[in-house]
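Peer 1: Contents are mmCIF, C-alpha atoms; file name input32.cif:
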data_input
loop_
_atom_site.group_PDB
_atom_site.id
_atom_site.type_symbol
_atom_site.label_atom_id
_atom_site.label_comp_id
_atom_site.auth_asym_id
_atom_site.auth_seq_id
_atom_site.Cartn_x
_atom_site.Cartn_y
_atom_site.Cartn_z
ATOM 1 C CA MET A 1 106.762 83.806 92.520
ATOM 2 C CA ARG A 2 103.041 83.500 92.028
ATOM 3 C CA ASP A 3 101.992 86.885 93.272
ATOM 4 C CA LEU A 4 103.212 90.206 94.592
ATOM 5 C CA SER A 5 102.552 89.379 98.246
ATOM 6 C CA LEU A 6 105.127 86.568 97.985
ATOM 7 C CA HIS A 7 107.637 88.899 96.350
ATOM 8 C CA LEU A 8 107.009 91.350 99.159
ATOM 9 C CA MET A 9 107.635 88.693 101.789
ATOM 10 C CA ASP A 10 110.873 87.741 100.050
ATOM 11 C CA ILE A 11 112.143 91.323 99.847
ATOM 12 C CA ILE A 12 111.264 91.891 103.508
ATOM 13 C CA GLN A 13 113.371 88.835 104.387
ATOM 14 C CA ASN A 14 116.317 90.794 102.992
ATOM 15 C CA SER A 15 115.488 93.658 105.380
ATOM 16 C CA ILE A 16 115.310 91.217 108.276
ATOM 17 C CA THR A 17 118.671 89.719 107.314
ATOM 18 C CA ALA A 18 120.033 93.276 107.233
ATOM 19 C CA LYS A 19 119.036 93.612 110.919
ATOM 20 C CA ALA A 20 116.249 96.121 110.324
ATOM 21 C CA THR A 21 114.082 97.035 113.324
ATOM 22 C CA ARG A 22 111.583 99.102 111.382
ATOM 23 C CA ILE A 23 110.183 98.173 107.975
ATOM 24 C CA SER A 24 107.739 100.404 106.095
ATOM 25 C CA ILE A 25 105.772 99.073 103.177
ATOM 26 C CA LEU A 26 103.929 101.381 100.823
ATOM 27 C CA ILE A 27 101.665 99.996 98.134
ATOM 28 C CA CYS A 28 100.273 102.644 95.874
ATOM 29 C CA GLY A 29 97.851 101.890 93.056
ATOM 30 C CA ASP A 30 96.808 104.735 90.819
ATOM 31 C CA ARG A 31 94.086 103.995 88.328
ATOM 32 C CA GLU A 32 94.629 107.214 86.412
ATOM 33 C CA SER A 33 98.298 106.678 85.634
ATOM 34 C CA ASP A 34 97.762 102.868 85.522
ATOM 35 C CA LEU A 35 100.679 102.415 87.874
ATOM 36 C CA LEU A 36 101.173 100.132 90.849
ATOM 37 C CA GLU A 37 104.161 100.840 93.051
ATOM 38 C CA ILE A 38 105.454 98.764 95.928
ATOM 39 C CA GLU A 39 108.073 100.270 98.168
ATOM 40 C CA VAL A 40 109.880 98.610 101.057
ATOM 41 C CA LYS A 41 111.977 100.855 103.234
ATOM 42 C CA ASP A 42 114.059 99.597 106.120
ATOM 43 C CA ASN A 43 116.546 100.864 108.656
ATOM 44 C CA GLY A 44 118.895 97.902 108.259
ATOM 45 C CA ILE A 45 122.645 97.938 107.769
ATOM 46 C CA GLY A 46 122.411 99.026 104.118
ATOM 47 C CA MET A 47 124.773 98.098 101.295
ATOM 48 C CA GLU A 48 128.160 99.268 100.070
ATOM 49 C CA ASN A 49 128.044 101.100 96.738
ATOM 50 C CA ASP A 50 129.962 98.318 94.990
ATOM 51 C CA PHE A 51 127.470 95.723 96.152
ATOM 52 C CA LEU A 52 124.487 97.933 95.328
ATOM 53 C CA LYS A 53 125.680 98.528 91.770
ATOM 54 C CA ASP A 54 125.486 94.850 91.017
ATOM 55 C CA VAL A 55 122.668 93.814 93.334
ATOM 56 C CA THR A 56 120.207 92.764 90.599
ATOM 57 C CA ASN A 57 122.744 90.232 89.343
ATOM 58 C CA PRO A 58 121.700 86.769 90.560
ATOM 59 C CA PHE A 59 125.319 86.019 91.434
ATOM 60 C CA THR A 60 125.465 88.867 93.889
ATOM 61 C CA THR A 61 124.360 87.547 97.245
ATOM 62 C CA THR A 62 125.293 87.586 100.903
ATOM 63 C CA ARG A 63 124.105 84.116 101.630
ATOM 64 C CA ASP A 64 126.605 81.408 102.291
ATOM 65 C CA THR A 65 124.651 78.270 101.452
ATOM 66 C CA ARG A 66 124.877 78.905 97.719
ATOM 67 C CA LYS A 67 126.415 81.351 95.273
ATOM 68 C CA VAL A 68 123.151 82.632 93.814
ATOM 69 C CA GLY A 69 120.456 84.905 95.244
ATOM 70 C CA LEU A 70 117.265 85.190 93.262
ATOM 71 C CA GLY A 71 115.033 87.401 95.409
ATOM 72 C CA ILE A 72 115.809 90.738 93.768
ATOM 73 C CA PRO A 73 116.377 89.403 90.207
ATOM 74 C CA LEU A 74 112.986 87.656 90.316
ATOM 75 C CA LEU A 75 111.244 90.812 91.517
ATOM 76 C CA GLU A 76 112.948 92.793 88.780
ATOM 77 C CA ALA A 77 111.845 90.228 86.197
ATOM 78 C CA SER A 78 108.239 90.395 87.435
ATOM 79 C CA ALA A 79 108.277 94.197 87.279
ATOM 80 C CA LYS A 80 109.849 94.361 83.813
ATOM 81 C CA MET A 81 107.408 91.754 82.545
ATOM 82 C CA ALA A 82 104.612 94.232 83.363
ATOM 83 C CA SER A 83 106.326 97.299 81.774
ATOM 84 C CA GLY A 84 107.595 98.406 85.149
ATOM 85 C CA GLY A 85 110.972 98.509 86.798
ATOM 86 C CA LEU A 86 112.974 98.201 89.960
ATOM 87 C CA GLU A 87 114.829 100.886 91.823
ATOM 88 C CA ILE A 88 117.052 100.332 94.827
ATOM 89 C CA THR A 89 118.724 102.956 96.933
ATOM 90 C CA SER A 90 120.835 102.194 99.941
ATOM 91 C CA LYS A 91 123.097 103.896 102.418
ATOM 92 C CA LYS A 92 125.529 101.974 104.552
ATOM 93 C CA PHE A 93 124.352 101.975 108.203
ATOM 94 C CA ILE A 94 121.199 103.985 107.328
ATOM 95 C CA GLY A 95 118.991 101.591 105.410
ATOM 96 C CA THR A 96 117.699 100.430 102.068
ATOM 97 C CA THR A 97 114.685 101.275 99.928
ATOM 98 C CA VAL A 98 113.439 98.907 97.235
ATOM 99 C CA LYS A 99 110.804 100.200 94.871
ATOM 100 C CA ALA A 100 109.121 98.096 92.204
ATOM 101 C CA SER A 101 106.599 99.414 89.712
ATOM 102 C CA PHE A 102 104.081 97.656 87.516
ATOM 103 C CA LYS A 103 101.620 98.701 84.854
ATOM 104 C CA ILE A 104 98.295 97.776 86.465
ATOM 105 C CA SER A 105 96.469 96.809 83.274
ATOM 106 C CA HIS A 106 99.378 94.814 81.820
ATOM 107 C CA ILE A 107 98.310 91.243 81.076
ATOM 108 C CA ASP A 108 101.473 89.880 82.704
ATOM 109 C CA ARG A 109 101.222 91.882 85.909
ATOM 110 C CA LEU A 110 101.136 89.484 88.842
ATOM 111 C CA PRO A 111 98.098 89.732 91.100
ATOM 112 C CA LEU A 112 98.536 91.261 94.529
ATOM 113 C CA GLY A 113 97.867 87.945 96.274
ATOM 114 C CA ASP A 114 97.275 87.336 99.950
ATOM 115 C CA LEU A 115 98.837 90.381 101.539
ATOM 116 C CA ALA A 116 97.158 89.574 104.858
ATOM 117 C CA GLN A 117 98.932 86.211 105.069
ATOM 118 C CA THR A 118 102.266 87.869 104.343
ATOM 119 C CA MET A 119 101.742 90.302 107.231
ATOM 120 C CA GLU A 120 100.561 87.500 109.535
ATOM 121 C CA SER A 121 103.621 85.345 108.807
ATOM 122 C CA LEU A 122 106.041 88.225 109.253
ATOM 123 C CA ILE A 123 104.573 89.220 112.596
ATOM 124 C CA ILE A 124 104.497 85.624 113.864
ATOM 125 C CA ALA A 125 108.102 85.049 112.850
ATOM 126 C CA ARG A 126 109.575 88.375 113.968
ATOM 127 C CA PRO A 127 107.167 90.174 116.308
ATOM 128 C CA ASP A 128 109.990 92.371 117.600
ATOM 129 C CA ILE A 129 110.200 94.272 114.304
ATOM 130 C CA GLU A 130 107.980 97.287 113.696
ATOM 131 C CA TYR A 131 105.975 96.888 110.491
ATOM 132 C CA ASP A 132 104.219 99.818 108.933
ATOM 133 C CA LEU A 133 101.924 99.101 105.995
ATOM 134 C CA THR A 134 100.270 101.831 103.948
ATOM 135 C CA LEU A 135 97.882 101.198 101.089
ATOM 136 C CA ASP A 136 97.112 104.159 98.879
ATOM 137 C CA ASN A 137 94.921 104.669 95.829
ATOM 138 C CA LYS A 138 95.617 108.430 95.526
ATOM 139 C CA LYS A 139 92.206 109.209 97.033
ATOM 140 C CA GLU A 140 92.117 107.115 100.169
ATOM 141 C CA ARG A 141 94.742 105.618 102.454
ATOM 142 C CA PHE A 142 94.850 102.691 104.803
ATOM 143 C CA ASN A 143 97.503 102.284 107.452
ATOM 144 C CA PHE A 144 98.525 99.452 109.703
ATOM 145 C CA ASN A 145 101.292 99.864 112.229
ATOM 146 C CA SER A 146 102.388 96.973 114.425
ATOM 147 C CA SER A 147 103.748 99.243 117.175
ATOM 148 C CA ASP A 148 100.382 100.968 117.393
ATOM 149 C CA ILE A 149 98.692 97.570 117.724
ATOM 150 C CA LYS A 150 101.164 96.541 120.434
ATOM 151 C CA ARG A 151 100.425 99.725 122.378
ATOM 152 C CA ARG A 152 96.704 98.998 122.262
ATOM 153 C CA LEU A 153 97.211 95.393 123.325
ATOM 154 C CA GLY A 154 99.242 96.192 126.420
ATOM 155 C CA GLU A 155 100.410 92.935 127.995
ATOM 156 C CA VAL A 156 98.718 90.692 125.423
ATOM 157 C CA PRO A 157 101.390 89.567 122.930
ATOM 158 C CA ILE A 158 100.870 90.532 119.295
ATOM 159 C CA THR A 159 101.523 86.907 118.348
ATOM 160 C CA HIS A 160 98.431 85.707 120.215
ATOM 161 C CA PHE A 161 96.360 83.764 117.703
ATOM 162 C CA GLU A 162 93.256 85.921 118.069
ATOM 163 C CA VAL A 163 95.297 89.053 117.477
ATOM 164 C CA ILE A 164 96.992 87.540 114.412
ATOM 165 C CA LYS A 165 93.598 86.540 113.036
ATOM 166 C CA TRP A 166 92.303 90.056 113.635
ATOM 167 C CA ILE A 167 95.345 91.579 111.897
ATOM 168 C CA GLY A 168 94.766 89.344 108.870
ATOM 169 C CA GLU A 169 91.137 90.416 108.590
ATOM 170 C CA TYR A 170 92.001 94.048 109.210
ATOM 171 C CA VAL A 171 94.624 94.089 106.442
ATOM 172 C CA ASN A 172 92.259 92.228 104.114
ATOM 173 C CA ASP A 173 89.554 94.824 104.728
ATOM 174 C CA GLY A 174 92.079 97.526 103.935
ATOM 175 C CA VAL A 175 93.081 95.847 100.674
ATOM 176 C CA LYS A 176 89.451 95.575 99.596
ATOM 177 C CA THR A 177 88.608 99.157 100.507
ATOM 178 C CA ILE A 178 91.636 100.696 98.831
ATOM 179 C CA PHE A 179 92.208 98.438 95.828
ATOM 180 C CA GLY A 180 88.675 97.200 95.085
ATOM 181 C CA GLY A 181 87.883 98.396 91.556
ATOM 182 C CA ILE A 182 91.454 99.571 91.062
ATOM 183 C CA LEU A 183 93.487 96.438 90.573
ATOM 184 C CA ASP A 184 90.821 94.574 88.567
ATOM 185 C CA GLU A 185 91.394 91.294 90.319
ATOM 186 C CA ILE A 186 89.684 89.161 92.913
ATOM 187 C CA LEU A 187 90.962 90.304 96.269
ATOM 188 C CA SER A 188 90.928 87.455 98.765
ATOM 189 C CA MET B 1 84.800 96.460 108.554
ATOM 190 C CA LYS B 2 87.277 95.655 111.297
ATOM 191 C CA SER B 3 87.916 98.430 113.745
ATOM 192 C CA LEU B 4 90.765 99.086 116.118
ATOM 193 C CA ALA B 5 88.210 99.119 118.956
ATOM 194 C CA GLU B 6 87.872 95.344 118.572
ATOM 195 C CA LEU B 7 91.443 94.986 119.764
ATOM 196 C CA GLU B 8 90.356 96.199 123.175
ATOM 197 C CA GLU B 9 87.793 93.368 123.330
ATOM 198 C CA ILE B 10 90.419 90.832 122.286
ATOM 199 C CA ARG B 11 92.736 92.211 124.940
ATOM 200 C CA LYS B 12 90.149 91.816 127.698
ATOM 201 C CA ARG B 13 89.129 88.375 126.481
ATOM 202 C CA THR B 14 92.646 86.973 126.206
ATOM 203 C CA LEU B 15 94.226 88.544 129.262
ATOM 204 C CA ASP B 16 92.987 85.816 131.616
ATOM 205 C CA GLN B 17 94.242 83.012 129.406
ATOM 206 C CA ILE B 18 97.648 84.561 129.142
ATOM 207 C CA ASN B 19 98.181 84.513 132.874
ATOM 208 C CA LEU B 20 97.258 80.846 132.913
ATOM 209 C CA ARG B 21 99.659 79.914 130.175
ATOM 210 C CA THR B 22 103.206 79.079 130.967
ATOM 211 C CA ASN B 23 105.850 80.795 128.949
ATOM 212 C CA ASN B 24 107.849 77.624 128.477
ATOM 213 C CA GLN B 25 108.168 77.147 124.777
ATOM 214 C CA ASP B 26 110.027 73.889 124.725
ATOM 215 C CA ILE B 27 109.413 72.851 121.126
ATOM 216 C CA ARG B 28 110.470 74.989 118.177
ATOM 217 C CA VAL B 29 109.099 74.775 114.650
ATOM 218 C CA VAL B 30 111.440 76.514 112.199
ATOM 219 C CA VAL B 31 110.251 77.177 108.652
ATOM 220 C CA GLY B 32 112.758 77.964 105.878
ATOM 221 C CA MET B 33 111.660 81.275 104.358
ATOM 222 C CA ALA B 34 114.261 82.342 101.827
ATOM 223 C CA THR B 35 113.374 82.933 98.163
ATOM 224 C CA CYS B 36 113.415 79.186 97.514
ATOM 225 C CA GLY B 37 111.111 78.413 100.440
ATOM 226 C CA ILE B 38 108.636 81.188 99.705
ATOM 227 C CA ALA B 39 108.444 80.273 96.022
ATOM 228 C CA ALA B 40 107.816 76.636 96.934
ATOM 229 C CA GLY B 41 104.950 77.548 99.272
ATOM 230 C CA ALA B 42 106.419 77.973 102.757
ATOM 231 C CA ARG B 43 104.047 80.747 103.770
ATOM 232 C CA PRO B 44 100.845 78.644 103.829
ATOM 233 C CA VAL B 45 102.814 75.883 105.605
ATOM 234 C CA MET B 46 103.829 78.251 108.375
ATOM 235 C CA ASN B 47 100.281 79.559 108.737
ATOM 236 C CA ALA B 48 98.946 75.999 108.846
ATOM 237 C CA PHE B 49 101.304 75.221 111.755
ATOM 238 C CA VAL B 50 100.143 78.286 113.675
ATOM 239 C CA GLU B 51 96.483 77.535 113.023
ATOM 240 C CA GLU B 52 96.740 73.854 113.929
ATOM 241 C CA LEU B 53 98.738 74.563 117.112
ATOM 242 C CA ASN B 54 96.126 77.072 118.178
ATOM 243 C CA LYS B 55 93.278 74.693 117.419
ATOM 244 C CA ARG B 56 94.853 72.246 119.859
ATOM 245 C CA ASN B 57 95.703 74.945 122.352
ATOM 246 C CA LEU B 58 99.418 74.121 122.362
ATOM 247 C CA SER B 59 101.145 77.141 123.809
ATOM 248 C CA ASN B 60 104.473 75.400 124.429
ATOM 249 C CA VAL B 61 105.455 75.502 120.743
ATOM 250 C CA ALA B 62 107.184 78.457 119.101
ATOM 251 C CA VAL B 63 106.876 78.909 115.332
ATOM 252 C CA THR B 64 109.702 80.893 113.744
ATOM 253 C CA MET B 65 111.386 81.264 110.398
ATOM 254 C CA THR B 66 114.914 81.104 109.079
ATOM 255 C CA GLY B 67 116.739 81.744 105.824
ATOM 256 C CA CYS B 68 117.855 79.201 103.260
ATOM 257 C CA ILE B 69 118.534 75.851 104.882
ATOM 258 C CA GLY B 70 120.617 74.830 101.875
ATOM 259 C CA MET B 71 118.549 72.243 100.049
ATOM 260 C CA CYS B 72 116.372 74.406 97.832
ATOM 261 C CA LYS B 73 114.991 71.548 95.780
ATOM 262 C CA LEU B 74 113.423 70.028 98.899
ATOM 263 C CA GLU B 75 111.635 73.196 100.043
ATOM 264 C CA PRO B 76 109.390 73.950 101.859
ATOM 265 C CA ILE B 77 111.564 72.620 104.681
ATOM 266 C CA VAL B 78 110.458 72.618 108.304
ATOM 267 C CA GLU B 79 112.623 71.714 111.289
ATOM 268 C CA VAL B 80 111.006 70.558 114.508
ATOM 269 C CA ILE B 81 113.397 70.965 117.424
ATOM 270 C CA ASP B 82 112.580 69.284 120.740
ATOM 271 C CA LYS B 83 113.453 70.681 124.131
ATOM 272 C CA ASP B 84 116.506 68.421 124.348
ATOM 273 C CA GLY B 85 117.739 69.915 121.067
ATOM 274 C CA SER B 86 117.121 66.911 118.859
ATOM 275 C CA LYS B 87 116.027 67.985 115.414
ATOM 276 C CA VAL B 88 113.783 66.405 112.802
ATOM 277 C CA THR B 89 113.863 67.881 109.286
ATOM 278 C CA TYR B 90 110.696 67.580 107.233
ATOM 279 C CA VAL B 91 110.895 68.300 103.501
ATOM 280 C CA LYS B 92 108.482 69.154 100.667
ATOM 281 C CA MET B 93 105.910 70.262 103.188
ATOM 282 C CA THR B 94 102.311 71.258 102.535
ATOM 283 C CA ALA B 95 99.601 72.656 104.775
ATOM 284 C CA GLU B 96 98.055 69.176 105.042
ATOM 285 C CA LYS B 97 101.353 67.584 106.046
ATOM 286 C CA ALA B 98 101.851 70.382 108.582
ATOM 287 C CA ALA B 99 98.580 69.475 110.279
ATOM 288 C CA ARG B 100 99.717 65.846 110.495
ATOM 289 C CA VAL B 101 103.103 66.764 111.937
ATOM 290 C CA VAL B 102 101.347 68.738 114.682
ATOM 291 C CA VAL B 103 99.114 65.800 115.622
ATOM 292 C CA GLU B 104 101.609 62.972 115.238
ATOM 293 C CA HIS B 105 104.926 64.502 116.158
ATOM 294 C CA ILE B 106 104.186 67.426 118.450
ATOM 295 C CA VAL B 107 101.156 66.006 120.280
ATOM 296 C CA ASN B 108 101.868 62.279 120.235
ATOM 297 C CA GLY B 109 105.642 62.359 119.960
ATOM 298 C CA ARG B 110 105.808 60.065 116.945
ATOM 299 C CA VAL B 111 107.979 61.363 114.102
ATOM 300 C CA CYS B 112 106.218 61.313 110.687
ATOM 301 C CA THR B 113 109.029 59.327 109.097
ATOM 302 C CA GLU B 114 107.634 59.421 105.572
ATOM 303 C CA TYR B 115 107.991 63.228 105.379
ATOM 304 C CA THR B 116 111.535 63.426 106.711
ATOM 305 C CA ILE B 117 114.634 64.270 104.738
ATOM 306 C CA ALA B 118 115.984 60.745 105.191
ATOM 307 C CA GLU B 119 113.023 59.372 103.213
ATOM 308 C CA ALA B 120 113.410 61.991 100.464
ATOM 309 C CA ASP B 121 117.019 60.962 99.883
ATOM 310 C CA LYS B 122 116.121 57.344 99.206
#
Go ahead and render the structure in this file as structure tokens.
Peer 2:
Amino acid sequence: MRDLSLHLMDIIQNSITAKATRISILICGDRESDLLEIEVKDNGIGMENDFLKDVTNPFTTTRDTRKVGLGIPLLEASAKMASGGLEITSKKFIGTTVKASFKISHIDRLPLGDLAQTMESLIIARPDIEYDLTLDNKKERFNFNSSDIKRRLGEVPITHFEVIKWIGEYVNDGVKTIFGGILDEILS
Amino acid sequence: MKSLAELEEIRKRTLDQINLRTNNQDIRVVVGMATCGIAAGARPVMNAFVEELNKRNLSNVAVTMTGCIGMCKLEPIVEVIDKDGSKVTYVKMTAEKAARVVVEHIVNGRVCTEYTIAEADK
């Protein structure tokens, strides 16, 4: 994966496959502790303990087209490459939380990438799911909640192109406000 | 800075169009979005489809995503499914190819043969 926004999209696909109806994403960048954390929390069907224990193994997968699943192993590799790590907790029928951490200043840390495009694609593909995105730099917070947007829109569908475009720009503004000067990278 | 108040404007502006549009989405564009697809660049392909469809005001096309289609080396894969259920599978897609598929296949009804899976197998 080229950047963290693609990893995020990939991990959220797992939540969607697990029949989640609500997915919360928290991205927290703290300049002081030099730590970037990305957490995806869903209310999907969760995993059995046996499956969870071995979930970072590429040969542990639920898909039936092939015997390998690389989503989680790749994310773990990206996190470890930047002196971070991956933590997964899950409860059957309650949901799953995936948390990846990265050392912000590490030369191998992947850039954040186009977070706005990830949100746009997710909403276009599965508008029925509630997405909650929080960006945090330990001083300021930015929040985007798709249910809140839907409420404001009334009968206009959230997938309407103008709305999608607005969401992209709104998320982009949030990324710039919260992570400008913190992630030391060009934010699209 | 974007504000939530702008949504209200969008709502007012788009409400009239929505009533005019029919809800018949008779063509489906399905983009493969598993790890393999995303890593190969499926996200910009999907966004290109949405953008191009909107540019041409085609409201009868639904863009959705699916998991691994099973041929990871040919990703990004896009399936275009007509209203009669016939399916064309495009492989190794890019944003530029997506724009062409919209014009040629979806608007004019001519399949872009050179991008299809049958061509890739040759």
Peer 1: Applying the PyMOL selection byres ((chain A and resi 164-173) around 7) to the file I just gave you, which residues come out? Please list them as a list of chain:residue names.
Peer 2: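 After applying the PyMOL selection byres ((chain A and resi 164-173) around 7), what remains is A:Ala116, A:Gln117, A:Glu120, A:Ile158, A:Thr159, A:His160, A:Phe161, A:Glu162, A:Val163, A:Gly174, A:Val175, A:Lys176, A:Thr177, B:Met1, B:Lys2.
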Peer 1: Which residues of chain B are close to chain A, meaning at most 9 Å apart when you count all atoms listed in the file, and how do they look as a PyMOL selection string?
Peer 2: chain B and resi 1-4+6-8+10-12+14-15+18+33-36+38-40+43-44+46-47+50-51+54+63-71
Peer 1: Could you list the residues chosen by the PyMOL selection byres ((chain A and resi 78) around 10) in this structure as an NGL selection string?
Peer 2: :A and (1-4 or 7 or 72-77 or 79-86 or 100-102 or 108-110)
Peer 1: For the atom pair atom CA of Leu26 of chain A and atom CA of Gly37 of chain B, what is the interatomic distance in Å to one decimal place?
Peer 2: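 Between atom CA of Leu26 of chain A and atom CA of Gly37 of chain B the gap is 24.1 Å.
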Peer 1: Tell me which residues the PyMOL selection byres ((chain A and resi 88) around 10) grabs here, as a ChimeraX atom specification.
Peer 2: /A:39-41,52-53,55-56,72,86-87,89-90,96-100
Peer 1: Show me, as a ChimeraX atom specification, the residues that have an atom within 12 Å of Val88 of chain B when counting only C-alpha atoms, minus same-chain residues fewer than 6 positions from it.
Peer 2: /B:27-30,77-82,101,105-106,109-119
Peer 1: Would you mind reading off the distance between atom CA of Val45 of chain B and atom CA of Thr134 of chain A, one decimal, in Å?
Peer 2: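 That distance, rounded to one decimal, is 26.1 Å.
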Peer 1: For Leu187 of chain A, which residue among A:Leu133, A:Leu36, A:Ile104, A:Leu115 is the nearest when counting only C-alpha atoms?
Peer 2: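 Looking at the shortest contact to Leu187 of chain A, the residue is A:Leu115.
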Peer 1: What is the distance between atom CA of Asp26 of chain B and atom CA of Ser59 of chain B, in Å to one decimal?
Peer 2: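 For atom CA of Asp26 of chain B relative to atom CA of Ser59 of chain B, the distance reads 9.5 Å.
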Peer 1: Kindly write segment 45-120 of chain B with C-alpha atoms to a file, as a PDB file, in the first residue's frame.
Peer 2:
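That gives us decode-v3.pdb:
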ATOM      1  CA  VAL B  45     -10.798   4.254 -10.719  1.00  0.00           C
ATOM      2  CA  MET B  46     -14.019   4.244  -8.735  1.00  0.00           C
ATOM      3  CA  ASN B  47     -13.852   8.000  -8.194  1.00  0.00           C
ATOM      4  CA  ALA B  48     -13.193   8.537 -11.902  1.00  0.00           C
ATOM      5  CA  PHE B  49     -16.372   6.580 -12.733  1.00  0.00           C
ATOM      6  CA  VAL B  50     -18.436   8.674 -10.329  1.00  0.00           C
ATOM      7  CA  GLU B  51     -16.974  11.927 -11.617  1.00  0.00           C
ATOM      8  CA  GLU B  52     -17.385  11.038 -15.288  1.00  0.00           C
ATOM      9  CA  LEU B  53     -20.969   9.793 -14.799  1.00  0.00           C
ATOM     10  CA  ASN B  54     -21.839  13.023 -13.049  1.00  0.00           C
ATOM     11  CA  LYS B  55     -20.204  15.126 -15.742  1.00  0.00           C
ATOM     12  CA  ARG B  56     -22.539  13.486 -18.248  1.00  0.00           C
ATOM     13  CA  ASN B  57     -25.505  13.660 -15.926  1.00  0.00           C
ATOM     14  CA  LEU B  58     -26.134   9.910 -16.034  1.00  0.00           C
ATOM     15  CA  SER B  59     -28.305   9.136 -13.053  1.00  0.00           C
ATOM     16  CA  ASN B  60     -29.319   5.661 -14.228  1.00  0.00           C
ATOM     17  CA  VAL B  61     -25.952   4.129 -13.291  1.00  0.00           C
ATOM     18  CA  ALA B  62     -25.117   2.830  -9.822  1.00  0.00           C
ATOM     19  CA  VAL B  63     -21.463   2.601  -8.771  1.00  0.00           C
ATOM     20  CA  THR B  64     -20.761   0.047  -6.047  1.00  0.00           C
ATOM     21  CA  MET B  65     -17.900  -2.047  -4.781  1.00  0.00           C
ATOM     22  CA  THR B  66     -17.296  -5.695  -4.046  1.00  0.00           C
ATOM     23  CA  GLY B  67     -14.589  -7.850  -2.509  1.00  0.00           C
ATOM     24  CA  CYS B  68     -11.965  -9.896  -4.303  1.00  0.00           C
ATOM     25  CA  ILE B  69     -13.201 -11.003  -7.703  1.00  0.00           C
ATOM     26  CA  GLY B  70     -10.553 -13.723  -7.768  1.00  0.00           C
ATOM     27  CA  MET B  71      -8.009 -12.591 -10.326  1.00  0.00           C
ATOM     28  CA  CYS B  72      -5.732 -10.397  -8.246  1.00  0.00           C
ATOM     29  CA  LYS B  73      -3.065 -10.021 -10.899  1.00  0.00           C
ATOM     30  CA  LEU B  74      -5.568  -8.324 -13.213  1.00  0.00           C
ATOM     31  CA  GLU B  75      -6.769  -5.732 -10.687  1.00  0.00           C
ATOM     32  CA  PRO B  76      -8.192  -3.109 -10.699  1.00  0.00           C
ATOM     33  CA  ILE B  77     -11.174  -5.023 -12.083  1.00  0.00           C
ATOM     34  CA  VAL B  78     -14.469  -3.360 -12.935  1.00  0.00           C
ATOM     35  CA  GLU B  79     -17.665  -5.147 -13.939  1.00  0.00           C
ATOM     36  CA  VAL B  80     -20.306  -3.307 -15.929  1.00  0.00           C
ATOM     37  CA  ILE B  81     -23.665  -5.040 -15.611  1.00  0.00           C
ATOM     38  CA  ASP B  82     -26.484  -4.068 -17.977  1.00  0.00           C
ATOM     39  CA  LYS B  83     -30.142  -4.048 -17.069  1.00  0.00           C
ATOM     40  CA  ASP B  84     -30.639  -7.437 -18.725  1.00  0.00           C
ATOM     41  CA  GLY B  85     -27.910  -8.844 -16.468  1.00  0.00           C
ATOM     42  CA  SER B  86     -25.224  -9.260 -19.092  1.00  0.00           C
ATOM     43  CA  LYS B  87     -21.816  -8.544 -17.644  1.00  0.00           C
ATOM     44  CA  VAL B  88     -18.616  -7.156 -19.123  1.00  0.00           C
ATOM     45  CA  THR B  89     -15.429  -7.496 -17.056  1.00  0.00           C
ATOM     46  CA  TYR B  90     -12.768  -4.851 -17.569  1.00  0.00           C
ATOM     47  CA  VAL B  91      -9.289  -5.504 -16.172  1.00  0.00           C
ATOM     48  CA  LYS B  92      -6.182  -3.465 -15.290  1.00  0.00           C
ATOM     49  CA  MET B  93      -8.275  -0.334 -15.146  1.00  0.00           C
ATOM     50  CA  THR B  94      -7.069   3.236 -14.735  1.00  0.00           C
ATOM     51  CA  ALA B  95      -8.903   6.515 -14.286  1.00  0.00           C
ATOM     52  CA  GLU B  96      -8.367   7.298 -17.983  1.00  0.00           C
ATOM     53  CA  LYS B  97      -9.769   3.947 -19.088  1.00  0.00           C
ATOM     54  CA  ALA B  98     -12.721   4.488 -16.743  1.00  0.00           C
ATOM     55  CA  ALA B  99     -13.593   7.721 -18.529  1.00  0.00           C
ATOM     56  CA  ARG B 100     -13.516   5.882 -21.863  1.00  0.00           C
ATOM     57  CA  VAL B 101     -15.714   3.058 -20.605  1.00  0.00           C
ATOM     58  CA  VAL B 102     -18.308   5.626 -19.511  1.00  0.00           C
ATOM     59  CA  VAL B 103     -18.365   7.298 -22.932  1.00  0.00           C
ATOM     60  CA  GLU B 104     -18.088   4.224 -25.134  1.00  0.00           C
ATOM     61  CA  HIS B 105     -19.852   1.513 -23.204  1.00  0.00           C
ATOM     62  CA  ILE B 106     -22.340   3.233 -20.924  1.00  0.00           C
ATOM     63  CA  VAL B 107     -23.316   6.146 -23.184  1.00  0.00           C
ATOM     64  CA  ASN B 108     -22.889   4.650 -26.645  1.00  0.00           C
ATOM     65  CA  GLY B 109     -23.380   0.990 -25.818  1.00  0.00           C
ATOM     66  CA  ARG B 110     -20.165  -0.161 -27.467  1.00  0.00           C
ATOM     67  CA  VAL B 111     -18.019  -2.441 -25.304  1.00  0.00           C
ATOM     68  CA  CYS B 112     -14.351  -1.320 -25.071  1.00  0.00           C
ATOM     69  CA  THR B 113     -13.085  -4.716 -26.185  1.00  0.00           C
ATOM     70  CA  GLU B 114      -9.403  -3.935 -25.726  1.00  0.00           C
ATOM     71  CA  TYR B 115      -9.822  -3.490 -21.947  1.00  0.00           C
ATOM     72  CA  THR B 116     -11.843  -6.640 -21.334  1.00  0.00           C
ATOM     73  CA  ILE B 117     -10.661  -9.766 -19.592  1.00  0.00           C
ATOM     74  CA  ALA B 118     -10.872 -11.749 -22.829  1.00  0.00           C
ATOM     75  CA  GLU B 119      -8.174  -9.521 -24.354  1.00  0.00           C
ATOM     76  CA  ALA B 120      -5.952  -9.784 -21.262  1.00  0.00           C
TER      77      ALA B 120
END
